>>> print(open('start11.txt').read())   # compact mmCIF, C-alpha atoms
# COMPACT_ATOMS: atom_id res chain seq x y z
CA MET R 1 68.55 52.15 -204.49
CA SER R 2 65.05 51.66 -203.05
CA ALA R 3 63.48 52.61 -206.41
CA TYR R 4 65.12 49.56 -207.93
CA ILE R 5 64.00 47.02 -205.34
CA PRO R 6 60.48 46.34 -206.70
CA TYR R 7 61.95 45.71 -210.17
CA MET R 8 64.54 43.38 -208.69
CA ILE R 9 61.93 41.39 -206.76
CA ILE R 10 59.67 41.06 -209.82
CA MET R 11 62.57 39.93 -212.01
CA ALA R 12 63.90 37.39 -209.54
CA ALA R 13 60.48 35.95 -208.67
CA THR R 14 59.30 35.67 -212.29
CA THR R 15 62.53 34.12 -213.54
CA TYR R 16 62.62 31.63 -210.67
CA LEU R 17 58.99 30.56 -210.98
CA ILE R 18 59.37 29.94 -214.72
CA ARG R 19 62.28 27.61 -214.02
CA MET R 20 60.83 25.98 -210.93
CA LEU R 21 57.20 25.22 -211.81
CA PRO R 22 57.63 22.89 -214.82
CA ILE R 23 60.31 20.71 -213.24
CA THR R 24 58.34 20.28 -210.02
CA CYS R 25 54.81 20.10 -211.43
CA PHE R 26 54.97 18.40 -214.80
CA GLN R 27 56.03 14.87 -215.53
CA LYS R 28 55.11 14.79 -219.22
CA GLU R 29 56.94 16.51 -222.07
CA ILE R 30 55.36 18.93 -224.52
CA LYS R 31 54.49 17.02 -227.69
CA ASN R 32 52.94 19.93 -229.58
CA THR R 33 55.24 20.93 -232.45
CA TRP R 34 53.88 24.46 -232.67
CA ILE R 35 54.57 25.24 -229.02
CA GLN R 36 58.02 23.64 -229.22
CA SER R 37 58.87 25.69 -232.29
CA PHE R 38 57.48 28.85 -230.76
CA LEU R 39 59.64 28.44 -227.64
CA TYR R 40 62.64 27.63 -229.81
CA TYR R 41 62.32 30.89 -231.75
CA VAL R 42 61.61 33.12 -228.75
CA PRO R 43 65.26 33.97 -227.91
CA TYR R 44 66.00 34.92 -231.53
CA ALA R 45 62.89 37.07 -231.79
CA VAL R 46 63.82 38.84 -228.56
CA LEU R 47 67.38 39.47 -229.73
CA GLY R 48 66.26 40.86 -233.10
CA ALA R 49 63.73 43.19 -231.54
CA MET R 50 66.08 44.36 -228.79
CA THR R 51 68.96 45.09 -231.15
CA PHE R 52 67.04 47.07 -233.75
CA PRO R 53 66.57 50.02 -233.88
CA ALA R 54 68.22 50.56 -230.46
CA ILE R 55 71.74 49.86 -231.74
CA PHE R 56 71.62 52.94 -234.01
CA THR R 57 71.34 55.32 -231.05
CA SER R 58 73.30 53.27 -228.52
CA THR R 59 76.31 55.58 -228.26
CA GLY R 60 74.27 58.78 -228.12
CA SER R 61 75.10 59.85 -231.69
CA LEU R 62 74.17 58.32 -235.03
CA LEU R 63 77.37 58.07 -237.06
CA PRO R 64 79.61 56.38 -234.43
CA SER R 65 76.76 53.95 -233.68
CA LEU R 66 76.30 53.12 -237.36
CA THR R 67 79.98 52.47 -238.09
CA ALA R 68 80.37 50.40 -234.93
CA ALA R 69 77.20 48.42 -235.71
CA PHE R 70 78.48 47.72 -239.21
CA LEU R 71 81.81 46.49 -237.85
CA ALA R 72 80.02 44.36 -235.23
CA CYS R 73 77.93 42.73 -237.98
CA ILE R 74 81.02 41.81 -239.99
CA LEU R 75 82.86 40.41 -236.98
CA SER R 76 79.78 38.46 -235.88
CA TYR R 77 79.44 37.05 -239.38
CA LYS R 78 83.05 35.88 -239.08
CA GLU R 79 81.98 34.23 -235.80
CA LYS R 80 84.33 36.16 -233.52
CA SER R 81 83.68 35.72 -229.80
CA LEU R 82 81.14 37.84 -227.90
CA LEU R 83 83.87 39.82 -226.15
CA VAL R 84 85.80 40.54 -229.35
CA VAL R 85 82.68 41.78 -231.14
CA ALA R 86 81.47 43.89 -228.20
CA GLY R 87 84.94 45.30 -227.51
CA SER R 88 85.68 46.15 -231.14
CA ALA R 89 82.32 47.89 -231.49
CA CYS R 90 83.08 50.07 -228.44
CA ILE R 91 86.54 51.00 -229.71
CA CYS R 92 85.18 51.73 -233.18
CA ALA R 93 82.45 53.98 -231.76
CA TYR R 94 84.98 55.81 -229.59
CA LEU R 95 87.41 56.39 -232.45
CA THR R 96 84.68 57.55 -234.86
CA ASN R 97 83.46 59.99 -232.25
CA LEU R 98 87.00 61.28 -231.74
CA LEU R 99 87.48 61.67 -235.49
CA LEU R 100 84.21 63.61 -235.84
CA MET R 101 85.31 66.03 -233.15
CA LEU R 102 88.61 66.67 -234.91
CA ILE R 103 86.98 67.42 -238.27
CA MET L 1 85.16 -0.91 -210.24
CA GLU L 2 81.61 0.23 -210.79
CA LYS L 3 80.69 0.59 -214.39
CA GLN L 4 78.15 3.43 -214.65
CA ASN L 5 79.17 5.66 -211.75
CA LYS L 6 76.48 7.95 -210.50
CA LEU L 7 77.09 11.57 -211.40
CA CYS L 8 78.53 13.26 -208.31
CA PHE L 9 79.20 16.78 -207.07
CA GLN L 10 82.83 16.74 -208.28
CA ASN L 11 81.76 15.77 -211.82
CA GLY L 12 79.51 18.79 -211.77
CA ILE L 13 82.22 21.17 -210.57
CA LYS L 14 84.51 20.01 -213.39
CA ASP L 15 81.87 20.43 -216.07
CA GLY L 16 81.02 23.87 -214.70
CA ILE L 17 84.49 25.40 -215.18
CA PRO L 18 84.22 26.29 -218.90
CA ILE L 19 80.70 27.63 -218.37
CA ALA L 20 81.92 29.83 -215.51
CA LEU L 21 84.70 31.28 -217.67
CA GLY L 22 82.25 32.12 -220.43
CA TYR L 23 79.87 33.71 -217.95
CA LEU L 24 82.63 35.85 -216.47
CA SER L 25 83.07 37.76 -219.71
CA VAL L 26 79.39 38.16 -220.56
CA SER L 27 78.50 39.33 -217.04
CA PHE L 28 81.42 41.77 -217.19
CA THR L 29 79.58 43.43 -220.10
CA PHE L 30 76.36 43.35 -218.08
CA GLY L 31 78.04 45.08 -215.12
CA MET L 32 79.53 47.74 -217.40
CA SER L 33 76.24 48.37 -219.17
CA ALA L 34 74.27 48.59 -215.92
CA THR L 35 76.66 51.18 -214.50
CA ALA L 36 76.71 53.08 -217.81
CA MET L 37 72.90 53.29 -217.58
CA GLY L 38 73.08 54.73 -214.07
CA ILE L 39 72.03 51.61 -212.16
CA PRO L 40 73.91 51.19 -208.85
CA LEU L 41 76.60 48.53 -208.82
CA GLU L 42 75.14 46.69 -205.83
CA ALA L 43 71.76 46.48 -207.59
CA ALA L 44 73.42 45.01 -210.70
CA VAL L 45 75.26 42.41 -208.60
CA VAL L 46 72.08 41.38 -206.73
CA ILE L 47 70.21 41.15 -210.07
CA SER L 48 72.89 38.82 -211.45
CA LEU L 49 72.89 36.64 -208.34
CA THR L 50 69.11 36.33 -208.22
CA ASN L 51 68.39 36.01 -211.96
CA LEU L 52 71.33 34.17 -213.51
CA THR L 53 70.24 34.87 -217.08
CA SER L 54 71.64 37.08 -219.83
CA ALA L 55 68.87 38.17 -222.22
CA GLY L 56 66.36 38.78 -219.41
CA GLN L 57 68.79 40.90 -217.43
CA PHE L 58 69.89 42.96 -220.42
CA ALA L 59 66.26 43.65 -221.34
CA ALA L 60 65.54 44.58 -217.73
CA LEU L 61 68.33 47.18 -217.79
CA GLU L 62 66.51 49.18 -220.42
CA LEU L 63 63.20 48.88 -218.60
CA ILE L 64 64.74 49.95 -215.28
CA ALA L 65 66.68 52.82 -216.87
CA ALA L 66 63.39 54.07 -218.38
CA PHE L 67 61.49 53.43 -215.11
CA SER L 68 58.92 51.39 -217.04
CA SER L 69 55.88 49.94 -215.30
CA TYR L 70 56.07 46.83 -213.13
CA THR L 71 53.61 45.10 -215.46
CA GLU L 72 55.97 45.61 -218.38
CA MET L 73 58.80 44.17 -216.34
CA LEU L 74 56.72 41.14 -215.39
CA PHE L 75 55.61 40.35 -218.94
CA THR L 76 59.02 41.03 -220.46
CA GLN L 77 60.70 38.63 -218.03
CA LEU L 78 57.96 36.08 -218.52
CA LEU L 79 58.34 36.15 -222.27
CA ILE L 80 62.12 36.30 -222.56
CA ASN L 81 62.62 33.53 -220.01
CA MET L 82 59.82 31.32 -221.27
CA ARG L 83 62.36 29.03 -222.90
CA TYR L 84 63.49 27.98 -219.42
CA ALA L 85 60.07 26.44 -218.90
CA LEU L 86 60.76 24.13 -221.83
CA MET L 87 64.20 23.24 -220.48
CA SER L 88 62.81 22.72 -216.99
CA LEU L 89 60.17 20.45 -218.44
CA SER L 90 62.72 18.50 -220.45
CA LEU L 91 65.01 18.22 -217.42
CA SER L 92 62.18 16.76 -215.36
CA GLN L 93 62.35 13.71 -217.64
CA ARG L 94 66.07 13.23 -217.09
CA LEU L 95 66.25 13.34 -213.30
CA GLU L 96 67.24 10.43 -211.11
CA LYS L 97 64.15 8.62 -209.85
CA ASN L 98 62.65 9.83 -206.57
CA THR L 99 64.25 13.27 -206.75
CA SER L 100 62.32 15.15 -204.06
CA THR L 101 60.35 18.32 -204.66
CA GLY L 102 62.76 20.24 -202.41
CA LYS L 103 65.73 19.15 -204.52
CA ARG L 104 63.88 20.02 -207.72
CA MET L 105 63.20 23.49 -206.34
CA LEU L 106 66.89 23.95 -205.57
CA MET L 107 68.09 22.70 -208.95
CA SER L 108 65.65 24.81 -210.95
CA TYR L 109 67.46 28.00 -209.89
CA GLY L 110 70.44 26.95 -212.02
CA ILE L 111 68.63 26.23 -215.27
CA THR L 112 70.37 28.33 -217.94
CA ASP L 113 70.94 27.60 -221.63
CA GLU L 114 74.49 26.37 -221.04
CA ILE L 115 73.95 24.49 -217.76
CA PHE L 116 70.87 22.81 -219.18
CA ALA L 117 72.72 21.80 -222.34
CA THR L 118 75.67 20.37 -220.38
CA ALA L 119 73.52 18.41 -217.93
CA SER L 120 71.08 17.04 -220.48
CA THR L 121 73.80 15.65 -222.76
CA LYS L 122 74.92 13.26 -219.97
CA ASP L 123 74.08 9.59 -220.42
CA GLN L 124 73.33 8.91 -216.75
CA PRO L 125 70.26 10.23 -214.93
CA ILE L 126 70.88 13.68 -213.51
CA THR L 127 71.41 13.75 -209.75
CA CYS L 128 70.81 16.74 -207.53
CA SER L 129 74.42 16.78 -206.28
CA TYR L 130 75.80 16.75 -209.84
CA PHE L 131 73.53 19.58 -210.90
CA CYS L 132 74.41 21.66 -207.83
CA GLY L 133 78.12 21.13 -208.51
CA LEU L 134 77.56 22.10 -212.13
CA MET L 135 75.81 25.36 -211.29
CA LEU L 136 78.10 26.49 -208.45
CA LEU L 137 81.04 27.95 -210.42
CA PRO L 138 78.87 29.53 -213.16
CA ILE L 139 76.86 31.31 -210.43
CA CYS L 140 80.09 32.64 -208.88
CA GLY L 141 81.46 33.63 -212.30
CA TRP L 142 78.26 35.40 -213.30
CA THR L 143 78.01 37.38 -210.05
CA PHE L 144 81.69 38.22 -209.71
CA GLY L 145 81.95 39.22 -213.39
CA THR L 146 79.07 41.66 -212.95
CA TRP L 147 80.82 43.27 -210.00
CA MET L 148 84.12 43.57 -211.89
CA GLY L 149 82.46 45.06 -214.98
CA GLY L 150 80.51 47.59 -212.94
CA ALA L 151 83.50 48.58 -210.83
CA ALA L 152 85.66 49.06 -213.94
CA ALA L 153 83.05 51.22 -215.66
CA VAL L 154 82.79 53.72 -212.77
CA LEU L 155 86.45 54.63 -213.20
CA LEU L 156 86.07 55.53 -216.88
CA PRO L 157 85.53 59.01 -218.42
CA VAL L 158 82.13 59.91 -219.95
CA ASP L 159 83.01 59.64 -223.66
CA VAL L 160 84.47 56.19 -223.11
CA ARG L 161 81.34 55.15 -221.23
CA ASP L 162 79.16 56.49 -224.07
CA SER L 163 81.06 54.31 -226.52
CA MET L 164 80.43 51.33 -224.26
CA GLY L 165 76.70 51.72 -224.79
CA ILE L 166 77.02 49.66 -227.96
CA ALA L 167 78.65 46.72 -226.13
CA ILE L 168 75.35 44.95 -225.37
CA TYR L 169 74.16 45.21 -228.96
CA GLY L 170 77.49 44.04 -230.32
CA MET L 171 77.13 41.04 -228.05
CA PHE L 172 73.58 40.39 -229.25
CA LEU L 173 74.78 40.46 -232.86
CA ALA L 174 77.52 37.99 -231.98
CA ILE L 175 74.89 35.73 -230.40
CA PHE L 176 72.34 35.63 -233.22
CA ILE L 177 74.28 36.19 -236.45
CA PRO L 178 76.19 32.86 -236.43
CA PRO L 179 73.03 30.69 -236.02
CA ALA L 180 71.13 32.94 -238.46
CA LYS L 181 73.86 32.30 -241.02
CA ARG L 182 73.20 28.57 -240.83
CA SER L 183 69.42 28.59 -240.52
CA SER L 184 67.21 30.62 -242.81
CA ALA L 185 64.35 30.03 -240.36
CA ILE L 186 66.26 31.81 -237.57
CA LEU L 187 67.30 34.55 -240.00
CA ASN L 188 63.67 35.10 -240.98
CA VAL L 189 62.53 35.26 -237.35
CA VAL L 190 65.29 37.75 -236.44
CA LEU L 191 64.52 39.93 -239.48
CA PHE L 192 60.78 39.80 -238.81
CA ALA L 193 61.34 40.93 -235.21
CA ALA L 194 63.89 43.58 -236.17
CA ILE L 195 61.72 45.13 -238.89
CA LEU L 196 58.61 45.10 -236.73
CA SER L 197 60.57 46.68 -233.88
CA CYS L 198 61.80 49.47 -236.21
CA VAL L 199 58.26 50.06 -237.50
CA LEU L 200 56.82 50.27 -233.97
CA ASP L 201 59.61 52.63 -232.96
CA SER L 202 59.07 54.94 -235.92
CA ILE L 203 55.33 55.23 -235.28
CA SER L 204 55.72 55.53 -231.50
CA ALA L 205 55.07 59.28 -231.72
CA TYR L 206 51.55 58.60 -233.03
CA LEU L 207 50.85 55.27 -231.40
CA PRO L 208 52.10 55.32 -227.82
CA VAL L 209 53.39 51.77 -227.33
CA SER L 210 56.00 51.64 -224.57
CA SER L 211 59.30 49.94 -225.31
CA GLY L 212 58.57 46.98 -223.02
CA PHE L 213 55.27 46.12 -224.67
CA ALA L 214 56.75 46.71 -228.11
CA LEU L 215 59.35 44.06 -227.26
CA ILE L 216 56.68 41.62 -226.12
CA LEU L 217 54.61 42.25 -229.25
CA CYS L 218 57.60 41.78 -231.57
CA THR L 219 58.65 38.60 -229.78
CA LEU L 220 55.18 37.01 -229.78
CA LEU L 221 54.56 37.79 -233.43
CA ALA L 222 58.04 36.87 -234.69
CA ALA L 223 58.19 33.59 -232.74
CA ALA L 224 54.63 32.72 -233.82
CA TYR L 225 55.61 33.51 -237.42
CA GLY L 226 58.60 31.18 -237.07
CA ALA L 227 56.51 28.40 -235.53
CA TRP L 228 53.93 28.79 -238.30
CA ARG L 229 56.30 29.02 -241.29
CA PHE L 230 59.19 26.85 -240.04
CA PRO L 231 57.89 24.30 -237.54
CA ILE L 232 60.71 22.40 -235.86
CA HIS L 233 60.69 18.82 -234.75
CA LYS L 234 61.94 17.90 -231.34
CA GLU L 235 65.11 16.16 -232.52
CA ASN L 236 66.30 19.40 -234.12
CA ILE L 237 66.05 21.45 -230.93
CA LYS L 238 69.24 21.56 -228.93
>>> encode(input="start11.txt", output="structure tokens")
Amino acid sequence: MSAYIPYMIIMAATTYLIRMLPITCFQKEIKNTWIQSFLYYVPYAVLGAMTFPAIFTSTGSLLPSLTAAFLACILSYKEKSLLVVAGSACICAYLTNLLLMLI
Amino acid sequence: MEKQNKLCFQNGIKDGIPIALGYLSVSFTFGMSATAMGIPLEAAVVISLTNLTSAGQFAALELIAAFSSYTEMLFTQLLINMRYALMSLSLSQRLEKNTSTGKRMLMSYGITDEIFATASTKDQPITCSYFCGLMLLPICGWTFGTWMGGAAAVLLPVDVRDSMGIAIYGMFLAIFIPPAKRSSAILNVVLFAAILSCVLDSISAYLPVSSGFALILCTLLAAAYGAWRFPIHKENIK
């Protein structure tokens, strides 16, 4: 547990300061379009970079990860809820793995 | 009867219920993923209580599991959560007059995408008591959901837990694919980041860039690319 504590302190302190400083220090809004746009795209950039290529190895083996990722893409495109997409991907990966072991 | 009632604590509690329910399910996935990655349940619960954010916590899981450097953790959190600075800034314009610094410091803990969006769509100025009521149930939901997810995962056999490794990524897809469908700008940013991330990963054997810094690099470049190619005007940002 103690190995995790420095990480936990850094995370909590950084996240809190980011939220706390602007609301207490600044009274004026950002007018710069570039900075606004940059901040707007940050979450999407993070998500794209975090998902790929990590998703392909996320279950420990390639084929179950690939089939589950494919299914998750289709369900996401159909705008299913987060839980449905995540749950279906897990079940798909599990079943593919089971099938591979039987073959 | 008063016409424009001031926003009170009870209004906040009511508005917080749907957010709390949503958080319960997402944090359940966080708890499961943390346990699947070998992070102790109590650590995951404390992280949820002290951070109250999804993307930042999920990214941190990978960094912690890999025992990355503290610097990487710092910069990753800084970058992923930078959007809260914009929300915090925007919220500062919507507060009731004479909101004290102490109250602002208390409220800022609860700034998340959903809480911010709910509070800032109100017509009346935002009061501290409303905002505290609004964040109370989501905080409970987020923390309790993490605990439930982690506790459930411990009971499961190894092959089931392996399959659960894809849960986070499935969730990420469900978060960014719908908006990317509607906005080619978002689609371009996501693709830019994804391709760059794959390139950095494939050359990581020759060019030792750790995963945390690769994430920062991809994010900076992809978001800058988006801001350069598809600048957005304030009215369009929700």
>>> interface_residues(input="start11.txt", of="chain R", to="chain L", cutoff="7 Å", atoms="only C-alpha atoms", output="PyMOL selection string")
chain R and resi 1+7-8+10-12+14-16+18-20+22-24+26-27+29+33-34+37-39+41-53+55+58-60+69+72-73+76-77+79+81-83+85-87+89-90+93-94
>>> atom_distance(input="start11.txt", atom1="CA of Asn5 (chain L)", atom2="CA of Gln124 (chain L)")
8.3 Å
>>> atom_distance(input="start11.txt", atom1="CA of Leu137 (chain L)", atom2="CA of Leu17 (chain R)")
22.2 Å
>>> atom_distance(input="start11.txt", atom1="CA of Ala13 (chain R)", atom2="CA of Val45 (chain L)")
16.1 Å
>>> build_atoms(input="start11.txt", residues="region 31-43 of chain R", atoms="N, CA, C and O atoms", output="tab-separated table (two decimals), in the frame of the given file")
chain	number	residue	atom	x	y	z
R	31	LYS	N	54.42	17.75	-226.41
R	31	LYS	CA	54.49	17.02	-227.69
R	31	LYS	C	54.13	17.95	-228.86
R	31	LYS	O	54.45	17.67	-230.00
R	32	ASN	N	53.43	19.04	-228.53
R	32	ASN	CA	52.94	19.93	-229.58
R	32	ASN	C	54.07	20.63	-230.33
R	32	ASN	O	54.86	21.38	-229.74
R	33	THR	N	54.16	20.37	-231.64
R	33	THR	CA	55.24	20.93	-232.45
R	33	THR	C	55.21	22.45	-232.49
R	33	THR	O	56.24	23.11	-232.44
R	34	TRP	N	53.99	23.01	-232.56
R	34	TRP	CA	53.88	24.46	-232.67
R	34	TRP	C	54.45	25.13	-231.42
R	34	TRP	O	55.24	26.07	-231.51
R	35	ILE	N	54.09	24.64	-230.26
R	35	ILE	CA	54.57	25.24	-229.02
R	35	ILE	C	56.09	25.06	-228.88
R	35	ILE	O	56.81	25.99	-228.52
R	36	GLN	N	56.57	23.88	-229.24
R	36	GLN	CA	58.02	23.64	-229.22
R	36	GLN	C	58.75	24.63	-230.12
R	36	GLN	O	59.75	25.21	-229.74
R	37	SER	N	58.24	24.79	-231.33
R	37	SER	CA	58.87	25.69	-232.29
R	37	SER	C	58.81	27.12	-231.80
R	37	SER	O	59.79	27.86	-231.87
R	38	PHE	N	57.65	27.49	-231.28
R	38	PHE	CA	57.48	28.85	-230.76
R	38	PHE	C	58.53	29.14	-229.69
R	38	PHE	O	59.24	30.14	-229.76
R	39	LEU	N	58.67	28.24	-228.72
R	39	LEU	CA	59.64	28.44	-227.64
R	39	LEU	C	61.07	28.46	-228.17
R	39	LEU	O	61.92	29.18	-227.66
R	40	TYR	N	61.30	27.68	-229.22
R	40	TYR	CA	62.64	27.63	-229.81
R	40	TYR	C	63.01	28.97	-230.44
R	40	TYR	O	64.15	29.42	-230.36
R	41	TYR	N	62.04	29.64	-231.06
R	41	TYR	CA	62.32	30.89	-231.75
R	41	TYR	C	62.31	32.11	-230.84
R	41	TYR	O	62.80	33.17	-231.22
R	42	VAL	N	61.73	31.97	-229.64
R	42	VAL	CA	61.61	33.12	-228.75
R	42	VAL	C	62.92	33.89	-228.52
R	42	VAL	O	62.97	35.10	-228.71
R	43	PRO	N	64.04	33.20	-228.15
R	43	PRO	CA	65.26	33.97	-227.91
R	43	PRO	C	65.70	34.77	-229.13
R	43	PRO	O	66.17	35.92	-228.98
